[in-house]
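For reference, upload.txt (compact mmCIF, C-alpha atoms):
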# COMPACT_ATOMS: atom_id res chain seq x y z
CA MET A 1 14.51 7.94 -26.15
CA GLN A 2 11.44 10.15 -26.50
CA THR A 3 10.82 12.75 -23.80
CA ILE A 4 7.32 14.25 -23.96
CA THR A 5 7.13 17.94 -23.06
CA THR A 6 3.98 19.15 -24.87
CA THR A 7 0.30 18.26 -24.69
CA SER A 8 0.13 17.38 -28.39
CA GLU A 9 3.03 14.93 -28.07
CA LEU A 10 1.40 13.37 -25.03
CA ALA A 11 -1.95 13.04 -26.79
CA ALA A 12 -0.30 11.28 -29.74
CA LEU A 13 1.59 8.88 -27.46
CA CYS A 14 -1.51 8.04 -25.41
CA GLU A 15 -3.52 7.46 -28.58
CA THR A 16 -0.92 4.91 -29.69
CA LEU A 17 -0.78 3.24 -26.28
CA SER A 18 -4.57 3.05 -26.05
CA ARG A 19 -4.56 0.66 -29.00
CA SER A 20 -2.43 -1.80 -27.01
CA ASP A 21 -3.70 -4.54 -24.70
CA TYR A 22 -1.51 -3.20 -21.90
CA VAL A 23 0.75 -0.31 -20.93
CA ALA A 24 3.51 -0.40 -18.31
CA VAL A 25 3.41 2.64 -16.03
CA ASP A 26 5.71 4.15 -13.42
CA THR A 27 6.08 7.54 -11.80
CA GLU A 28 8.85 9.44 -10.07
CA PHE A 29 7.75 11.86 -7.37
CA LEU A 30 8.88 13.74 -4.29
CA ARG A 31 6.94 14.11 -1.04
CA GLU A 32 9.51 14.16 1.75
CA GLN A 33 8.91 17.85 2.42
CA THR A 34 5.24 18.08 1.41
CA PHE A 35 1.88 16.52 2.14
CA TRP A 36 0.86 16.33 -1.52
CA PRO A 37 3.27 14.44 -3.81
CA LEU A 38 5.07 16.43 -6.50
CA LEU A 39 4.79 14.45 -9.73
CA CYS A 40 8.15 14.75 -11.51
CA LEU A 41 8.17 12.07 -14.23
CA ILE A 42 5.79 9.61 -15.85
CA GLN A 43 7.22 6.59 -17.66
CA LEU A 44 5.05 4.73 -20.17
CA ALA A 45 5.73 1.69 -22.35
CA GLY A 46 3.45 -0.38 -24.54
CA PRO A 47 4.41 -3.26 -26.85
CA GLU A 48 5.45 -0.86 -29.60
CA ALA A 49 5.98 2.54 -27.96
CA GLU A 50 7.81 3.92 -24.96
CA ALA A 51 8.50 7.40 -23.64
CA ILE A 52 9.11 9.60 -20.62
CA VAL A 53 6.60 12.35 -19.89
CA ASP A 54 7.78 15.52 -18.13
CA PRO A 55 4.86 16.76 -15.96
CA LEU A 56 6.94 19.82 -15.01
CA ALA A 57 7.28 21.02 -18.61
CA PRO A 58 5.73 24.50 -18.99
CA GLY A 59 2.16 24.40 -20.29
CA ILE A 60 1.76 20.62 -20.52
CA ASP A 61 -1.72 19.28 -19.81
CA LEU A 62 -1.76 15.70 -18.48
CA ALA A 63 -5.40 15.10 -19.44
CA PRO A 64 -4.50 12.58 -22.22
CA PHE A 65 -2.53 10.54 -19.68
CA TYR A 66 -5.43 10.50 -17.22
CA GLN A 67 -7.78 9.48 -20.01
CA LEU A 68 -5.48 6.56 -20.79
CA MET A 69 -5.49 5.57 -17.11
CA ALA A 70 -9.30 5.49 -17.20
CA ASP A 71 -9.46 3.45 -20.43
CA THR A 72 -10.86 0.08 -19.38
CA SER A 73 -9.70 -1.60 -22.61
CA THR A 74 -6.00 -1.26 -21.69
CA VAL A 75 -4.45 -3.01 -18.69
CA LYS A 76 -2.24 -0.70 -16.63
CA VAL A 77 0.82 -2.60 -15.41
CA PHE A 78 2.62 -1.29 -12.32
CA HIS A 79 5.15 -2.68 -9.88
CA ALA A 80 4.13 -1.98 -6.27
CA ALA A 81 1.23 0.05 -7.61
CA ARG A 82 -0.27 1.73 -4.57
CA GLN A 83 1.72 4.98 -4.50
CA ASP A 84 1.59 5.40 -8.28
CA ILE A 85 -2.18 4.93 -8.31
CA GLU A 86 -2.54 7.27 -5.35
CA ILE A 87 -0.76 10.04 -7.25
CA VAL A 88 -2.95 9.59 -10.32
CA PHE A 89 -6.05 9.64 -8.12
CA LEU A 90 -5.01 12.73 -6.16
CA LYS A 91 -4.13 14.64 -9.32
CA SER A 92 -7.14 13.67 -11.41
CA GLY A 93 -9.75 11.80 -9.40
CA VAL A 94 -9.14 8.82 -11.72
CA VAL A 95 -8.33 5.37 -10.37
CA PRO A 96 -6.49 3.45 -13.13
CA THR A 97 -8.41 0.35 -14.14
CA PRO A 98 -7.93 -2.46 -14.88
CA VAL A 99 -4.64 -2.85 -13.00
CA PHE A 100 -1.96 -5.53 -12.92
CA ASP A 101 0.52 -5.18 -10.04
CA SER A 102 3.59 -7.26 -10.88
CA GLN A 103 4.73 -7.36 -7.25
CA VAL A 104 1.45 -8.94 -6.13
CA ALA A 105 1.37 -11.19 -9.19
CA ALA A 106 4.88 -12.36 -8.32
CA MET A 107 3.65 -13.34 -4.85
CA VAL A 108 0.86 -15.39 -6.43
CA CYS A 109 3.42 -17.00 -8.74
CA GLY A 110 5.78 -17.97 -5.91
CA PHE A 111 8.51 -15.30 -6.09
CA GLY A 112 8.30 -14.55 -2.37
CA ASP A 113 6.91 -11.67 -0.34
CA SER A 114 7.17 -8.14 -1.76
CA ILE A 115 9.96 -8.85 -4.25
CA SER A 116 11.74 -5.75 -5.53
CA TYR A 117 11.54 -4.70 -9.18
CA VAL A 118 15.27 -5.26 -9.64
CA ASN A 119 15.12 -8.81 -8.31
CA LEU A 120 11.97 -9.64 -10.25
CA VAL A 121 13.52 -8.45 -13.51
CA LYS A 122 16.60 -10.54 -12.76
CA LYS A 123 14.58 -13.67 -11.99
CA THR A 124 12.24 -13.37 -14.96
CA THR A 125 14.52 -11.97 -17.68
CA GLY A 126 18.06 -12.57 -16.39
CA THR A 127 18.86 -8.84 -16.73
CA ASP A 128 20.81 -6.91 -14.09
CA LEU A 129 19.46 -3.36 -13.87
CA ASP A 130 21.65 -0.37 -13.06
CA LYS A 131 20.17 1.25 -9.94
CA SER A 132 22.89 3.87 -9.41
CA SER A 133 20.45 6.72 -10.15
CA ARG A 134 17.79 5.63 -7.66
CA PHE A 135 18.39 8.58 -5.32
CA THR A 136 18.01 11.22 -8.02
CA ASP A 137 16.18 14.46 -7.23
CA TRP A 138 13.61 14.04 -10.00
CA SER A 139 12.39 17.63 -9.71
CA ARG A 140 15.69 19.01 -11.03
CA ARG A 141 16.13 19.94 -14.65
CA PRO A 142 17.84 19.01 -16.85
CA LEU A 143 18.04 15.31 -16.06
CA SER A 144 21.03 13.48 -17.49
CA PRO A 145 20.70 10.77 -20.16
CA LYS A 146 21.80 8.23 -17.54
CA GLN A 147 19.02 9.30 -15.19
CA LEU A 148 16.44 9.15 -17.97
CA ASP A 149 17.67 5.71 -19.04
CA TYR A 150 17.31 4.52 -15.47
CA ALA A 151 13.77 5.90 -15.25
CA LEU A 152 12.66 4.38 -18.56
CA ALA A 153 14.02 0.95 -17.58
CA ASP A 154 11.35 0.86 -14.88
CA VAL A 155 8.76 0.30 -17.60
CA THR A 156 10.62 -1.21 -20.56
CA TYR A 157 11.57 -4.35 -18.60
CA LEU A 158 8.22 -4.32 -16.86
CA ARG A 159 6.70 -5.29 -20.22
CA ASP A 160 8.72 -8.53 -20.24
CA VAL A 161 7.91 -9.18 -16.59
CA TYR A 162 4.21 -8.74 -17.30
CA VAL A 163 4.20 -11.15 -20.23
CA ARG A 164 5.99 -13.86 -18.23
CA LEU A 165 3.81 -13.47 -15.13
CA ARG A 166 0.67 -13.38 -17.25
CA GLN A 167 1.68 -16.67 -18.88
CA THR A 168 2.32 -18.27 -15.49
CA LEU A 169 -1.01 -17.08 -14.11
CA ASP A 170 -2.89 -18.38 -17.12
CA LYS A 171 -1.09 -21.72 -17.00
CA THR A 172 -1.79 -22.20 -13.28
CA GLU A 173 -5.32 -20.75 -13.53
CA ARG A 174 -4.53 -18.27 -10.77
CA THR A 175 -5.68 -15.10 -12.52
CA PRO A 176 -8.81 -14.90 -10.28
CA TRP A 177 -6.52 -14.90 -7.24
CA LEU A 178 -4.78 -11.79 -8.53
CA GLN A 179 -8.05 -10.09 -9.38
CA GLU A 180 -9.15 -10.33 -5.76
CA GLU A 181 -6.03 -8.42 -4.71
CA MET A 182 -6.45 -5.82 -7.47
CA ALA A 183 -9.96 -4.99 -6.24
CA VAL A 184 -8.42 -3.22 -3.23
CA LEU A 185 -6.00 -1.23 -5.39
CA THR A 186 -8.76 -0.02 -7.68
CA ASN A 187 -11.13 1.00 -4.87
CA PRO A 188 -11.16 4.82 -4.49
CA ALA A 189 -11.64 4.39 -0.73
CA THR A 190 -8.08 3.06 -0.54
CA TYR A 191 -6.79 6.54 -1.36
CA ASP A 192 -9.20 8.56 0.77
CA THR A 193 -7.56 11.64 2.31
CA SER A 194 -10.65 12.95 4.14
CA PRO A 195 -9.50 14.45 7.45
CA GLU A 196 -12.40 12.76 9.24
CA ASN A 197 -10.88 9.38 8.39
CA ALA A 198 -7.29 10.27 9.25
CA TRP A 199 -7.48 8.22 12.47
CA GLN A 200 -7.53 5.04 10.35
CA ARG A 201 -3.80 5.27 9.63
CA LEU A 202 -3.01 5.39 13.38
CA LYS A 203 -2.59 2.63 15.89
CA LEU A 204 -5.32 3.12 18.49
CA ARG A 205 -2.97 3.37 21.47
CA VAL A 206 -5.48 4.99 23.77
CA LYS A 207 -6.95 4.34 27.18
CA GLY A 208 -10.71 4.29 26.87
CA ARG A 209 -13.45 5.72 24.71
CA LYS A 210 -12.98 9.39 25.63
CA ALA A 211 -9.30 9.21 24.72
CA LEU A 212 -10.29 7.58 21.44
CA GLY A 213 -12.65 10.46 20.71
CA VAL A 214 -9.84 12.92 21.34
CA LEU A 215 -7.49 10.98 19.07
CA VAL A 216 -10.05 11.00 16.23
CA GLU A 217 -10.50 14.78 16.56
CA LEU A 218 -6.75 15.42 16.81
CA ALA A 219 -6.02 13.30 13.74
CA ALA A 220 -8.64 15.21 11.73
CA TRP A 221 -7.24 18.59 12.88
CA ARG A 222 -3.69 17.56 11.99
CA GLU A 223 -4.77 16.25 8.58
CA ARG A 224 -6.58 19.48 7.69
CA LEU A 225 -3.62 21.62 8.73
CA ALA A 226 -1.04 19.43 6.97
CA GLN A 227 -3.08 19.52 3.77
CA SER A 228 -3.60 23.27 3.88
CA LEU A 229 0.09 23.97 4.56
CA ASP A 230 1.23 21.16 2.22
CA VAL A 231 3.64 19.76 4.80
CA PRO A 232 4.09 16.20 6.13
CA ARG A 233 1.83 15.24 9.03
CA GLY A 234 4.80 14.88 11.36
CA ARG A 235 5.75 18.51 10.68
CA VAL A 236 2.45 19.55 12.28
CA LEU A 237 2.50 17.07 15.16
CA ARG A 238 4.21 13.70 15.60
CA ASP A 239 2.22 10.54 16.18
CA ASP A 240 3.63 10.02 19.66
CA ALA A 241 2.41 13.49 20.63
CA LEU A 242 -1.07 12.65 19.32
CA TYR A 243 -1.21 9.55 21.54
CA ASP A 244 0.13 11.48 24.53
CA ILE A 245 -2.43 14.27 24.20
CA ALA A 246 -5.29 11.84 23.61
CA ASN A 247 -4.47 9.83 26.72
CA GLN A 248 -3.78 12.83 28.99
CA MET A 249 -6.67 14.97 27.64
CA PRO A 250 -5.24 18.33 28.81
CA VAL A 251 -7.83 21.10 29.30
CA SER A 252 -5.43 24.02 29.74
CA THR A 253 -2.27 25.39 28.17
CA GLU A 254 -0.48 24.70 31.46
CA ALA A 255 -1.42 21.00 31.34
CA LEU A 256 -0.50 20.84 27.66
CA GLY A 257 2.90 22.37 28.39
CA GLN A 258 3.71 19.57 30.84
CA LEU A 259 3.61 16.87 28.17
CA ARG A 260 7.08 15.57 27.37
CA THR A 261 6.25 14.84 23.74
CA LEU A 262 5.79 18.57 22.98
CA SER A 263 8.61 21.07 22.57
CA ASP A 264 9.24 23.91 24.99
CA GLY A 265 7.02 26.85 24.27
CA PHE A 266 4.53 24.86 22.20
CA ALA A 267 1.76 25.51 24.73
CA ARG A 268 1.91 29.24 23.93
CA SER A 269 1.36 28.75 20.18
CA GLN A 270 -1.84 29.09 18.17
CA ARG A 271 -1.68 25.38 17.45
CA ALA A 272 -1.91 24.71 21.18
CA LYS A 273 -5.23 26.55 21.30
CA ASP A 274 -6.49 24.52 18.35
CA ILE A 275 -5.39 21.31 20.05
CA LEU A 276 -7.28 22.19 23.23
CA GLU A 277 -10.40 22.77 21.13
CA ALA A 278 -9.90 19.36 19.52
CA VAL A 279 -9.53 17.77 22.97
CA LYS A 280 -12.75 19.43 24.08
CA ALA A 281 -14.58 18.22 20.98
CA GLY A 282 -13.20 14.72 21.37
CA VAL A 283 -14.29 14.40 25.00
CA ALA A 284 -17.78 15.56 24.04
CA ARG A 285 -18.20 13.09 21.15
CA ASP A 286 -21.01 10.58 21.20
CA PRO A 287 -19.36 7.18 21.85
CA LYS A 288 -21.63 5.66 19.19
CA THR A 289 -19.76 7.65 16.52
CA LEU A 290 -16.38 6.21 17.48
CA PRO A 291 -14.59 3.20 15.94
CA LYS A 292 -14.30 -0.04 17.86
CA ILE A 293 -10.99 -0.61 19.60
CA GLU A 294 -9.57 -4.03 18.86
CA ARG A 295 -7.85 -5.30 21.97
CA ASN A 296 -4.87 -7.56 21.37
CA GLU A 297 -5.45 -9.91 24.27
CA SER A 298 -2.83 -12.53 25.02
CA LEU A 299 -3.53 -15.92 23.53
CA SER A 300 -4.09 -18.84 25.82
CA ALA A 301 -1.42 -21.53 25.99
CA GLU A 302 -3.56 -23.80 23.82
CA ALA A 303 -4.17 -21.07 21.21
CA SER A 304 -0.48 -20.16 21.18
CA ALA A 305 0.46 -23.76 20.47
CA THR A 306 -2.18 -23.93 17.74
CA LEU A 307 -0.83 -20.73 16.23
CA GLU A 308 2.67 -22.20 15.96
CA LEU A 309 1.33 -25.28 14.19
CA LEU A 310 -0.68 -23.10 11.79
CA LYS A 311 2.45 -21.13 10.92
CA VAL A 312 4.26 -24.35 10.01
CA LEU A 313 1.28 -25.58 7.98
CA LEU A 314 1.10 -22.25 6.15
CA LYS A 315 4.74 -22.42 5.12
CA ALA A 316 4.27 -25.99 3.94
CA ALA A 317 1.16 -25.10 1.90
CA ALA A 318 2.87 -22.06 0.39
CA ALA A 319 5.91 -24.12 -0.62
CA GLU A 320 3.78 -26.91 -2.05
CA HIS A 321 1.70 -24.58 -4.23
CA GLY A 322 4.40 -22.02 -5.05
CA VAL A 323 2.70 -19.02 -3.43
CA ALA A 324 4.08 -16.43 -1.02
CA PRO A 325 2.74 -17.20 2.50
CA ARG A 326 1.72 -13.58 3.16
CA ILE A 327 -0.76 -13.52 0.29
CA ILE A 328 -2.49 -16.59 1.69
CA ALA A 329 -2.77 -15.47 5.30
CA SER A 330 -1.52 -12.60 7.44
CA SER A 331 -0.27 -13.04 10.99
CA GLU A 332 -3.56 -11.48 12.19
CA ASP A 333 -5.51 -14.06 10.19
CA LEU A 334 -3.58 -16.90 11.80
CA GLU A 335 -4.18 -15.52 15.29
CA GLN A 336 -7.92 -15.31 14.69
CA LEU A 337 -7.95 -18.77 13.16
CA ALA A 338 -6.12 -20.14 16.19
CA VAL A 339 -8.98 -19.11 18.48
CA SER A 340 -11.99 -19.51 16.18
CA ASN A 341 -13.15 -21.82 13.40
CA ASP A 342 -15.73 -19.28 12.21
CA ALA A 343 -13.67 -16.08 12.03
CA ASP A 344 -14.62 -13.66 9.26
CA ILE A 345 -11.23 -13.72 7.57
CA LEU A 346 -10.10 -14.12 3.98
CA VAL A 347 -8.19 -17.31 4.67
CA LEU A 348 -11.52 -19.09 5.24
CA GLN A 349 -12.92 -17.84 1.93
CA GLY A 350 -12.48 -18.62 -1.76
CA TRP A 351 -9.22 -19.97 -3.07
CA ARG A 352 -7.43 -19.37 0.23
CA ARG A 353 -9.77 -21.74 2.02
CA ALA A 354 -9.19 -24.41 -0.64
CA LEU A 355 -5.43 -23.91 -0.56
CA PHE A 356 -4.90 -23.63 3.20
CA GLY A 357 -7.96 -22.80 5.28
CA GLU A 358 -9.64 -26.19 5.04
CA SER A 359 -6.41 -27.98 5.96
CA ALA A 360 -5.96 -25.59 8.88
CA LEU A 361 -9.40 -26.48 10.22
CA LYS A 362 -8.65 -30.18 9.83
CA LEU A 363 -5.38 -29.69 11.71
CA LYS A 364 -7.26 -28.02 14.55
CA ARG A 365 -9.76 -30.90 14.66
CA GLY A 366 -6.97 -33.45 14.86
CA GLU A 367 -7.70 -34.84 11.40
CA LEU A 368 -4.30 -33.82 10.00
CA ALA A 369 -0.79 -34.25 11.34
CA LEU A 370 2.50 -32.61 10.37
CA THR A 371 5.47 -34.75 9.48
CA LEU A 372 8.82 -34.51 7.70
CA VAL A 373 9.25 -36.14 4.30
CA GLY A 374 12.68 -35.75 2.76
CA GLY A 375 13.39 -32.79 4.99
CA GLU A 376 10.15 -31.00 4.01
CA VAL A 377 7.07 -30.50 6.19
CA ARG A 378 4.01 -32.34 4.92
CA ALA A 379 0.44 -32.52 6.16
CA VAL A 380 -0.82 -36.12 6.34
CA PRO A 381 -4.02 -37.73 7.65
CA ALA A 382 -3.80 -38.20 11.39
CA ALA A 383 -3.72 -41.72 12.77
CA LYS A 384 -7.06 -42.80 14.21

Conversion result in structure tokens:
Amino acid sequence: MQTITTTSELAALCETLSRSDYVAVDTEFLREQTFWPLLCLIQLAGPEAEAIVDPLAPGIDLAPFYQLMADTSTVKVFHAARQDIEIVFLKSGVVPTPVFDSQVAAMVCGFGDSISYVNLVKKTTGTDLDKSSRFTDWSRRPLSPKQLDYALADVTYLRDVYVRLRQTLDKTERTPWLQEEMAVLTNPATYDTSPENAWQRLKLRVKGRKALGVLVELAAWRERLAQSLDVPRGRVLRDDALYDIANQMPVSTEALGQLRTLSDGFARSQRAKDILEAVKAGVARDPKTLPKIERNESLSAEASATLELLKVLLKAAAAEHGVAPRIIASSEDLEQLAVSNDADILVLQGWRRALFGESALKLKRGELALTLVGGEVRAVPAAK
């Protein structure tokens, strides 16, 4: 096993890998106690080369690795890519492209929703991976040979997984389906950490537009502080406290101190003063600058019944075509489809419409019926 600890070694490895059609990539990182992830290991494997890179090695410059990630002639293969790509983007400003996420590809190929790497390796190669080192503290040095073997296996078997999934996608002509999903992963906006947009990761559990303005300001304040202190958001203020403050809109330290979601004495801290300023700014915000609150209104009895039929039809379509149901339509998509035939949702576009959406509309119009054939649900033309 090759462990890369110098910039020259890394440059030579990346030069070799750049001549390959693809490279399997994985990272090991820690972020439980920090806002910014600590990159501890990088695992790389091409068809003819494989190695572990130690980002914590004294003096190593990861620029060759980031250049490889930006090389559009080499496909970067990840499993459950989002966090790995996020780390690369945060460290370098580079979004790896093009990308192949084996977890998403497996959904397209009918391996179920969000299959784990271990299970996917087992199903595609028949190999049982040793996961006994999964809870390793990857920031510690030295790492044992067993731990390094475990880490490298996350990319060496990923090569075989990639080849098999690629063959299936080509055979079934579903590569364009995967490319639609990869567009989100390779969009820099997916990894935006701007404090002004921090509200987007929250559920908008607020009562009215003024409370929403306060929540937006509070989320931005918390994000800035968490980033500057390099601590998790919850270490600054928990989500439930954000919602409580936004809905109560306290204007004094006394009112703030009465909130049950805050600890005793919090109202006397400097953070309390900053929170009151955020509340003041939120109340004063122009409503036109605020996001729209999507109200989850209860479905009518008719829409609820339609929704249940759509769920059955979705499972039947997914089974028939060998695709995970979740990649065809989300539960939110089905709810919108139950109440509208013209909803702006993915399931009524592209390959999803051909696979399921058109049948769903026919079901709603009474042109299709659901029946059991050999114990399996089938959609058949409705009797006239």

Sorted by chain and rising residue number, list the residues of segment 265-384 of chain A at most 7 Å from segment 105-108 of chain A (counting all atoms listed in the file), each with its closest atom pair and distance in Å to one decimal, as CSV.
residue,atom,partner,partner_atom,distance
A:Val323,CA,A:Val108,CA,5.1
A:Ala324,CA,A:Met107,CA,4.9
A:Ile327,CA,A:Met107,CA,6.8

Take the residues from that selection and write them out as an mmCIF file, in the frame of the given file, keeping C-alpha atoms.
data_model
loop_
_atom_site.group_PDB
_atom_site.id
_atom_site.type_symbol
_atom_site.label_atom_id
_atom_site.label_comp_id
_atom_site.auth_asym_id
_atom_site.auth_seq_id
_atom_site.Cartn_x
_atom_site.Cartn_y
_atom_site.Cartn_z
ATOM 1 C CA VAL A 323 2.700 -19.020 -3.430
ATOM 2 C CA ALA A 324 4.080 -16.430 -1.020
ATOM 3 C CA ILE A 327 -0.760 -13.520 0.290
#

For this session: Write out as a count of residues only which residues come within 9 Å of Thr3 of chain A when counting only C-alpha atoms, dropping same-chain ones fewer than 5 positions away.
Result: 5

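Considering only C-alpha atoms, the residue among A:Ala70, A:Leu256, A:Ala219, A:Ile115 positioned nearest to Gly93 of chain A is A:Ala70.
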
Problem set entry | Using all atoms listed in the file: which of A:Leu334, A:Ala151, A:Ala220, A:Ala318 has the shortest distance to Asp274 of chain A |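 Distance minimum relative to Asp274 of chain A lands on A:Ala220.
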
Counting all atoms listed in the file, what is within 8 Å of Asp71 of chain A, bar same-chain residues fewer than 2 positions away, as a CSV table (one decimal) with C-alpha atoms, in the coordinates of the input?
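Saved the output as around.csv:
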chain,number,residue,atom,x,y,z
A,18,SER,CA,-4.6,3.0,-26.0
A,67,GLN,CA,-7.8,9.5,-20.0
A,68,LEU,CA,-5.5,6.6,-20.8
A,69,MET,CA,-5.5,5.6,-17.1
A,73,SER,CA,-9.7,-1.6,-22.6
A,74,THR,CA,-6.0,-1.3,-21.7
A,96,PRO,CA,-6.5,3.4,-13.1
A,97,THR,CA,-8.4,0.4,-14.1

For this session: Work out how far apart atom CA of Ala303 of chain A and atom CA of Glu367 of chain A are and give it in Å to one decimal.
Result: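 The value is 17.3 Å.
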
Exercise. Could you list as a count of residues only every residue that has an atom within 12 Å of (-5.2, -24.2, 4.9), using the file's coordinates and counting all atoms listed in the file?
Worked result: 40

Exercise. What is the atom CA of Val155 of chain A to atom CA of Val88 of chain A distance in Å?
Worked result: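 If I compute the distance from atom CA of Val155 of chain A to atom CA of Val88 of chain A, I get 16.6 Å.
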